[in-house]
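Notes follow the structure.
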Amino acid sequence: MSRMKQIAFAAAVVAFGPQFAQAQSVVKVDGSSTVFPVTEAVAEDFQKSVKGKVKVTVGISGTGGGFKKFCRGEIDVAGASRPILKKEMEACGQAGIKYYEIPVAFDALTVVVNPKNEFVKRLSVEQLKKMWEPASQGTVTTWKQVDASFPDAPLKLFGAGSDSGTFDYFTEAVVGKAKSSRGDYTASEDDNVLVQGVSRDVNAIGYFGYAYYAENKGKLKAVPIVNASGKAVEPSPQTVADGSYNPLSRPIFIYLSEKSLERPEVRDFVTFYLKNAGELAAEVKYVPLPAKAYETALDHIAKKKVGTVFGGEPEIGVTIDSLLSREAKL
């Protein structure tokens, strides 16, 4: 069974019985479905390493849903496929929650169609915008309306739900404003739902994190996206690393509660995460950061460098080098 299939199985299993749970320390993680494959892989290996003494629960409520729980102090770690926003920073500040922002990998946000779709060879950002902008709701309903060379077939859209960081990033990159989207599409914070939707409908198109595409290549076809240089580029770890897959490559994060890190089980889990994130990110088909990035994150935790390197606004086109050169601020 592949790592991603093991992860999907683990996500579907209901937790252990109450007597066993009481004997364990628990680390609570929730948030992005994009970050989920990395975190669940780490959690699986970490629990083996401590021989069941610590239980790590990993939920999928979307980036926004995860931050809501995080800023209420309900979870120890939030997975995020975009940086923390101003309103979330304010919510955490009001609750007295300080946090460490840890980039764990880069992702190629992937646009997919059904493998039986033979007419889509590439798509531009302008074409994606025509599909997804609010003004298209109820009016752009066929493929032919997107491009005259496409057939007059119904346009079936599948995309991230409004609590998803992927939704925020995609709408910012494609439409030009975060959360600005038509509403008449099949939405979910669980990327597996979107995979199934596109794989079952010949007229479908959707978007989600690269790991979910990589695990389902037999069911889906990735669409090359025309980048800022006018070249159609397929999503891959290589095109993310070299910067040619733009504007849909992005960093993904975990946010760690400073208070939670006072607990030994949380600190041990986070240390294990950062020492193994590069290998496990690559295993689930994301782009690992340089080893120095994970070492720097551990150093920031040791020196209590809390906060974010972003200004609370969505940001498109961040490269690995520019990300690692920033200083965190609350």
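How things are named: the first chain in the structure tokens is A, the next is B, and so on; residues count from 1 in each chain; ligands count from 1 in the order shown.
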Do a neighbour search on Gly66 of chain A at 6 Å with only C-alpha atoms, toss out local chain neighbours closer than 5 positions, and write the hits as a list in words. Asp30, Gly31, Ser61 and Ala78 of chain A
Based on the backbone DSSP call, show me all residues of segment 140-227 of chain A assigned helix (DSSP H, G or I), as a compact mmCIF listing (two decimals) with all heavy atoms, in the first residue's frame.
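After the write, result_28.txt holds the following:
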# COMPACT_ATOMS: atom_id res chain seq x y z
N TRP A 143 -17.63 24.65 -22.13
CA TRP A 143 -16.21 24.77 -22.47
C TRP A 143 -16.00 25.73 -23.64
O TRP A 143 -15.02 26.46 -23.68
CB TRP A 143 -15.65 23.39 -22.83
CG TRP A 143 -15.33 22.55 -21.63
CD1 TRP A 143 -16.10 21.58 -21.05
CD2 TRP A 143 -14.12 22.61 -20.86
NE1 TRP A 143 -15.46 21.04 -19.96
CE2 TRP A 143 -14.23 21.64 -19.83
CE3 TRP A 143 -12.97 23.38 -20.94
CZ2 TRP A 143 -13.23 21.43 -18.88
CZ3 TRP A 143 -11.96 23.17 -20.01
CH2 TRP A 143 -12.10 22.22 -19.00
N LYS A 144 -16.94 25.76 -24.56
CA LYS A 144 -16.80 26.62 -25.74
C LYS A 144 -16.78 28.09 -25.37
O LYS A 144 -16.15 28.91 -26.05
CB LYS A 144 -17.94 26.33 -26.73
CG LYS A 144 -17.70 26.92 -28.13
CD LYS A 144 -18.74 26.45 -29.10
CE LYS A 144 -18.42 26.89 -30.52
NZ LYS A 144 -17.20 26.26 -31.04
N GLN A 145 -17.44 28.45 -24.27
CA GLN A 145 -17.44 29.84 -23.82
C GLN A 145 -16.09 30.25 -23.26
O GLN A 145 -15.77 31.44 -23.17
CB GLN A 145 -18.54 30.05 -22.79
CG GLN A 145 -19.95 30.01 -23.36
CD GLN A 145 -20.99 30.05 -22.26
OE1 GLN A 145 -21.17 29.10 -21.51
NE2 GLN A 145 -21.69 31.17 -22.16
N VAL A 146 -15.29 29.28 -22.86
CA VAL A 146 -13.94 29.55 -22.36
C VAL A 146 -12.97 29.76 -23.52
O VAL A 146 -12.12 30.66 -23.49
CB VAL A 146 -13.46 28.40 -21.45
CG1 VAL A 146 -12.01 28.64 -20.99
CG2 VAL A 146 -14.39 28.24 -20.25
N GLY A 165 -7.19 27.02 2.33
CA GLY A 165 -6.13 27.92 1.91
C GLY A 165 -5.85 27.81 0.42
O GLY A 165 -5.41 28.76 -0.22
N THR A 166 -6.12 26.63 -0.14
CA THR A 166 -5.99 26.45 -1.58
C THR A 166 -6.97 27.34 -2.32
O THR A 166 -6.65 27.92 -3.36
CB THR A 166 -6.21 24.97 -1.95
OG1 THR A 166 -5.19 24.18 -1.32
CG2 THR A 166 -6.15 24.75 -3.45
N PHE A 167 -8.19 27.46 -1.79
CA PHE A 167 -9.20 28.36 -2.37
C PHE A 167 -8.69 29.80 -2.34
O PHE A 167 -8.77 30.53 -3.33
CB PHE A 167 -10.49 28.24 -1.57
CG PHE A 167 -11.57 29.22 -1.95
CD1 PHE A 167 -12.33 29.03 -3.10
CD2 PHE A 167 -11.86 30.31 -1.16
CE1 PHE A 167 -13.34 29.92 -3.45
CE2 PHE A 167 -12.86 31.21 -1.49
CZ PHE A 167 -13.60 31.01 -2.65
N ASP A 168 -8.13 30.22 -1.20
CA ASP A 168 -7.60 31.57 -1.07
C ASP A 168 -6.49 31.83 -2.08
O ASP A 168 -6.46 32.86 -2.76
CB ASP A 168 -7.06 31.80 0.34
CG ASP A 168 -8.15 31.77 1.41
OD1 ASP A 168 -9.33 31.89 1.05
OD2 ASP A 168 -7.79 31.64 2.58
N TYR A 169 -5.55 30.87 -2.17
CA TYR A 169 -4.41 31.07 -3.06
C TYR A 169 -4.83 31.06 -4.52
O TYR A 169 -4.41 31.93 -5.31
CB TYR A 169 -3.33 30.00 -2.81
CG TYR A 169 -2.03 30.32 -3.51
CD1 TYR A 169 -1.04 31.03 -2.86
CD2 TYR A 169 -1.83 29.98 -4.85
CE1 TYR A 169 0.15 31.37 -3.51
CE2 TYR A 169 -0.66 30.32 -5.51
CZ TYR A 169 0.32 31.01 -4.83
OH TYR A 169 1.47 31.36 -5.48
N PHE A 170 -5.65 30.09 -4.90
CA PHE A 170 -6.08 29.97 -6.29
C PHE A 170 -6.83 31.22 -6.75
O PHE A 170 -6.58 31.75 -7.83
CB PHE A 170 -6.95 28.73 -6.46
CG PHE A 170 -7.40 28.47 -7.87
CD1 PHE A 170 -6.57 27.79 -8.75
CD2 PHE A 170 -8.65 28.88 -8.31
CE1 PHE A 170 -6.98 27.54 -10.06
CE2 PHE A 170 -9.07 28.63 -9.61
CZ PHE A 170 -8.23 27.96 -10.49
N THR A 171 -7.76 31.70 -5.93
CA THR A 171 -8.53 32.88 -6.34
C THR A 171 -7.66 34.13 -6.40
O THR A 171 -7.85 34.97 -7.29
CB THR A 171 -9.72 33.10 -5.39
OG1 THR A 171 -9.27 33.06 -4.02
CG2 THR A 171 -10.79 32.02 -5.57
N GLU A 172 -6.70 34.26 -5.50
CA GLU A 172 -5.78 35.39 -5.55
C GLU A 172 -4.93 35.33 -6.82
O GLU A 172 -4.76 36.33 -7.53
CB GLU A 172 -4.88 35.39 -4.32
CG GLU A 172 -3.86 36.51 -4.28
CD GLU A 172 -4.45 37.86 -3.88
OE1 GLU A 172 -5.51 37.88 -3.23
OE2 GLU A 172 -3.83 38.89 -4.22
N ALA A 173 -4.41 34.14 -7.14
CA ALA A 173 -3.51 33.99 -8.29
C ALA A 173 -4.25 34.09 -9.62
O ALA A 173 -3.71 34.64 -10.59
CB ALA A 173 -2.78 32.65 -8.20
N VAL A 174 -5.47 33.59 -9.67
CA VAL A 174 -6.20 33.49 -10.94
C VAL A 174 -7.16 34.66 -11.15
O VAL A 174 -7.17 35.30 -12.20
CB VAL A 174 -6.95 32.15 -11.01
CG1 VAL A 174 -7.94 32.13 -12.16
CG2 VAL A 174 -5.95 31.00 -11.14
N ASP A 191 -9.68 17.16 -0.42
CA ASP A 191 -9.26 17.02 -1.81
C ASP A 191 -9.62 15.66 -2.41
O ASP A 191 -9.76 15.53 -3.64
CB ASP A 191 -7.75 17.26 -1.93
CG ASP A 191 -7.37 18.70 -1.64
OD1 ASP A 191 -8.24 19.57 -1.78
OD2 ASP A 191 -6.22 18.95 -1.27
N ASN A 192 -9.78 14.64 -1.58
CA ASN A 192 -10.16 13.33 -2.11
C ASN A 192 -11.54 13.39 -2.77
O ASN A 192 -11.80 12.67 -3.74
CB ASN A 192 -10.15 12.29 -0.99
CG ASN A 192 -8.74 11.95 -0.54
OD1 ASN A 192 -7.91 11.54 -1.33
ND2 ASN A 192 -8.47 12.14 0.74
N VAL A 193 -12.42 14.23 -2.24
CA VAL A 193 -13.75 14.41 -2.83
C VAL A 193 -13.62 15.00 -4.23
O VAL A 193 -14.32 14.59 -5.17
CB VAL A 193 -14.62 15.31 -1.94
CG1 VAL A 193 -15.94 15.67 -2.63
CG2 VAL A 193 -14.89 14.64 -0.59
N LEU A 194 -12.72 15.96 -4.39
CA LEU A 194 -12.51 16.61 -5.69
C LEU A 194 -11.88 15.64 -6.69
O LEU A 194 -12.25 15.64 -7.87
CB LEU A 194 -11.65 17.85 -5.51
CG LEU A 194 -12.14 18.86 -4.47
CD1 LEU A 194 -11.18 20.03 -4.36
CD2 LEU A 194 -13.54 19.35 -4.80
N VAL A 195 -10.95 14.82 -6.22
CA VAL A 195 -10.33 13.81 -7.08
C VAL A 195 -11.42 12.91 -7.67
O VAL A 195 -11.46 12.65 -8.88
CB VAL A 195 -9.31 12.96 -6.29
CG1 VAL A 195 -8.90 11.72 -7.10
CG2 VAL A 195 -8.08 13.78 -5.96
N GLN A 196 -12.31 12.42 -6.80
CA GLN A 196 -13.36 11.52 -7.27
C GLN A 196 -14.30 12.22 -8.25
O GLN A 196 -14.72 11.64 -9.24
CB GLN A 196 -14.15 10.98 -6.06
CG GLN A 196 -13.34 10.06 -5.16
CD GLN A 196 -12.76 8.88 -5.92
OE1 GLN A 196 -13.42 8.23 -6.72
NE2 GLN A 196 -11.48 8.61 -5.67
N GLY A 197 -14.62 13.48 -7.98
CA GLY A 197 -15.53 14.21 -8.85
C GLY A 197 -15.00 14.37 -10.25
O GLY A 197 -15.70 14.11 -11.24
N VAL A 198 -13.74 14.79 -10.37
CA VAL A 198 -13.15 14.99 -11.70
C VAL A 198 -12.94 13.66 -12.42
O VAL A 198 -13.14 13.54 -13.63
CB VAL A 198 -11.81 15.77 -11.59
CG1 VAL A 198 -11.16 15.91 -12.97
CG2 VAL A 198 -12.04 17.15 -10.98
N SER A 199 -12.56 12.63 -11.67
CA SER A 199 -12.28 11.34 -12.29
C SER A 199 -13.53 10.68 -12.86
O SER A 199 -13.44 9.80 -13.73
CB SER A 199 -11.61 10.40 -11.29
OG SER A 199 -12.52 10.02 -10.26
N TYR A 210 -0.62 19.12 -5.35
CA TYR A 210 0.04 18.18 -6.26
C TYR A 210 0.06 16.75 -5.72
O TYR A 210 -0.04 15.79 -6.50
CB TYR A 210 1.48 18.65 -6.51
CG TYR A 210 2.23 17.78 -7.50
CD1 TYR A 210 2.05 17.95 -8.87
CD2 TYR A 210 3.11 16.78 -7.07
CE1 TYR A 210 2.73 17.15 -9.78
CE2 TYR A 210 3.79 15.98 -7.97
CZ TYR A 210 3.60 16.17 -9.33
OH TYR A 210 4.26 15.38 -10.23
N ALA A 211 0.17 16.57 -4.41
CA ALA A 211 0.25 15.22 -3.84
C ALA A 211 -0.97 14.39 -4.21
O ALA A 211 -0.87 13.18 -4.46
CB ALA A 211 0.40 15.28 -2.33
N TYR A 212 -2.14 15.03 -4.26
CA TYR A 212 -3.36 14.30 -4.58
C TYR A 212 -3.41 13.93 -6.06
O TYR A 212 -3.94 12.87 -6.42
CB TYR A 212 -4.59 15.13 -4.18
CG TYR A 212 -4.73 15.23 -2.68
CD1 TYR A 212 -4.07 16.23 -1.97
CD2 TYR A 212 -5.48 14.31 -1.97
CE1 TYR A 212 -4.17 16.32 -0.59
CE2 TYR A 212 -5.59 14.39 -0.59
CZ TYR A 212 -4.93 15.39 0.10
OH TYR A 212 -5.03 15.46 1.46
N TYR A 213 -2.85 14.78 -6.91
CA TYR A 213 -2.74 14.42 -8.32
C TYR A 213 -1.74 13.27 -8.49
O TYR A 213 -2.01 12.29 -9.21
CB TYR A 213 -2.30 15.62 -9.16
CG TYR A 213 -1.73 15.21 -10.49
CD1 TYR A 213 -2.57 14.65 -11.47
CD2 TYR A 213 -0.37 15.32 -10.76
CE1 TYR A 213 -2.04 14.22 -12.68
CE2 TYR A 213 0.15 14.90 -11.97
CZ TYR A 213 -0.68 14.34 -12.92
OH TYR A 213 -0.16 13.91 -14.11
N ALA A 214 -0.58 13.37 -7.84
CA ALA A 214 0.47 12.37 -8.01
C ALA A 214 -0.01 10.98 -7.61
O ALA A 214 0.37 9.98 -8.22
CB ALA A 214 1.70 12.77 -7.19
N GLU A 215 -0.86 10.92 -6.61
CA GLU A 215 -1.37 9.63 -6.14
C GLU A 215 -2.47 9.09 -7.06
O GLU A 215 -2.78 7.90 -7.03
CB GLU A 215 -1.92 9.79 -4.71
CG GLU A 215 -2.51 8.52 -4.10
CD GLU A 215 -1.51 7.38 -3.92
OE1 GLU A 215 -0.29 7.64 -3.97
OE2 GLU A 215 -1.95 6.24 -3.74
Set the distance at 7 Å and use only C-alpha atoms: which residues neighbour Ala297 of chain A once local chain neighbours fewer than 4 positions away are removed? I'd like the list as a list in words. Ile102, Ala293 and Ile301 of chain A
Hey, can you spit out that residue selection with C-alpha atoms as an mmCIF file, in the first residue's frame?
data_model
loop_
_atom_site.group_PDB
_atom_site.id
_atom_site.type_symbol
_atom_site.label_atom_id
_atom_site.label_comp_id
_atom_site.auth_asym_id
_atom_site.auth_seq_id
_atom_site.Cartn_x
_atom_site.Cartn_y
_atom_site.Cartn_z
ATOM 1 C CA ILE A 102 7.259 26.926 9.833
ATOM 2 C CA ALA A 293 15.523 25.670 6.317
ATOM 3 C CA ILE A 301 12.025 27.648 18.213
#
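You can rank A:Asn203, A:Asn276, A:Thr142, A:Ser164 by their closest distance to Ala41 of chain A using only C-alpha atoms, and at the top of that list sits A:Asn276.
Counting only C-alpha atoms and comparing A:Glu283, A:Asp321, A:Glu40, A:Glu258, the residue that lies closest to Gly96 of chain A is A:Glu258.
Proximity ranking of A:Val233, A:Phe269, A:Arg250, A:Leu256 relative to Val56 of chain A places A:Phe269 first, based on only C-alpha atoms.
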Go through A:Leu128, A:Val77, A:Ala108, A:Ile225 one by one, measure the shortest atom-to-atom distance of each to Thr57 of chain A using only C-alpha atoms, and give the residue with the smallest value. A:Val77
Contacts of Thr110 of chain A within 9 Å, only C-alpha atoms, excl. fewer than 4 positions in-chain, as a ChimeraX atom specification: /A:206-210,212-213,222-224,234-235,248-249
Those same residues - N, CA, C and O atoms - I'd like them written as a short mmCIF file (atom, residue, chain, number, x, y, z; two decimals), in the first residue's frame.
data_model
loop_
_atom_site.label_atom_id
_atom_site.label_comp_id
_atom_site.auth_asym_id
_atom_site.auth_seq_id
_atom_site.Cartn_x
_atom_site.Cartn_y
_atom_site.Cartn_z
N GLY A 206 -10.86 20.65 -12.17
CA GLY A 206 -10.74 20.98 -10.76
C GLY A 206 -9.32 21.38 -10.41
O GLY A 206 -8.43 21.39 -11.27
N TYR A 207 -9.10 21.70 -9.15
CA TYR A 207 -7.75 22.07 -8.70
C TYR A 207 -7.54 21.65 -7.26
O TYR A 207 -8.48 21.67 -6.45
N PHE A 208 -6.31 21.27 -6.92
CA PHE A 208 -5.93 20.89 -5.55
C PHE A 208 -4.41 20.69 -5.50
O PHE A 208 -3.71 20.88 -6.50
N GLY A 209 -3.90 20.29 -4.35
CA GLY A 209 -2.47 20.12 -4.16
C GLY A 209 -1.89 18.98 -5.00
O GLY A 209 -2.57 17.99 -5.30
N TYR A 210 -0.62 19.12 -5.35
CA TYR A 210 0.04 18.18 -6.26
C TYR A 210 0.06 16.75 -5.72
O TYR A 210 -0.04 15.79 -6.50
N TYR A 212 -2.14 15.03 -4.26
CA TYR A 212 -3.36 14.30 -4.58
C TYR A 212 -3.41 13.93 -6.06
O TYR A 212 -3.94 12.87 -6.42
N TYR A 213 -2.85 14.78 -6.91
CA TYR A 213 -2.74 14.42 -8.32
C TYR A 213 -1.74 13.27 -8.49
O TYR A 213 -2.01 12.29 -9.21
N ALA A 222 -3.15 16.20 -15.55
CA ALA A 222 -2.73 17.54 -15.15
C ALA A 222 -2.65 18.44 -16.38
O ALA A 222 -2.20 18.03 -17.45
N VAL A 223 -3.07 19.69 -16.21
CA VAL A 223 -3.08 20.65 -17.31
C VAL A 223 -1.86 21.57 -17.21
O VAL A 223 -1.66 22.21 -16.18
N PRO A 224 -1.04 21.65 -18.26
CA PRO A 224 0.04 22.64 -18.25
C PRO A 224 -0.54 24.06 -18.18
O PRO A 224 -1.54 24.36 -18.84
N GLU A 234 4.05 22.06 -17.12
CA GLU A 234 3.34 21.08 -16.30
C GLU A 234 3.81 21.17 -14.85
O GLU A 234 4.98 21.48 -14.58
N PRO A 235 2.91 20.90 -13.91
CA PRO A 235 3.32 20.89 -12.51
C PRO A 235 4.21 19.68 -12.22
O PRO A 235 3.95 18.58 -12.68
N LEU A 248 1.23 29.19 -9.85
CA LEU A 248 0.52 28.26 -8.97
C LEU A 248 1.42 27.41 -8.08
O LEU A 248 0.97 26.44 -7.49
N SER A 249 2.70 27.76 -7.95
CA SER A 249 3.53 27.10 -6.93
C SER A 249 3.52 27.96 -5.67
O SER A 249 3.45 29.19 -5.75
#
For Val50 of chain A, which residue among A:Ser33, A:Asn227, A:Asn246, A:Gln24 is the nearest when counting only C-alpha atoms? A:Gln24
Closest of A:Gly307, A:Thr141, A:Ala105, A:Val125 to Tyr255 of chain A - atom-to-atom distances counting only C-alpha atoms: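 Closest to Tyr255 of chain A of all the choices is A:Gly307.
Between atom CA of Tyr286 of chain A and atom CA of Phe253 of chain A the interatomic distance comes to 12.2 Å.
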Any chance you could list, as a PyMOL selection string, the residues in segment 93-276 of chain A that come up strand (DSSP E) when DSSP is run on the backbone? chain A and resi 99-108+110-113+156-160+186-188+204-208+221-222+225-226+232-233+249-257
Residues within 8 Å of Val58 of chain A, only C-alpha atoms, excluding chain neighbours under 5 positions, as a PyMOL selection string: chain A and resi 11+28-30+36+39-40
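Atom CA of Ile316 of chain A is found 27.8 Å from atom CA of Arg72 of chain A.
Rounded to one decimal, atom CA of Tyr245 of chain A and atom CA of Tyr294 of chain A lie 23.5 Å from each other.
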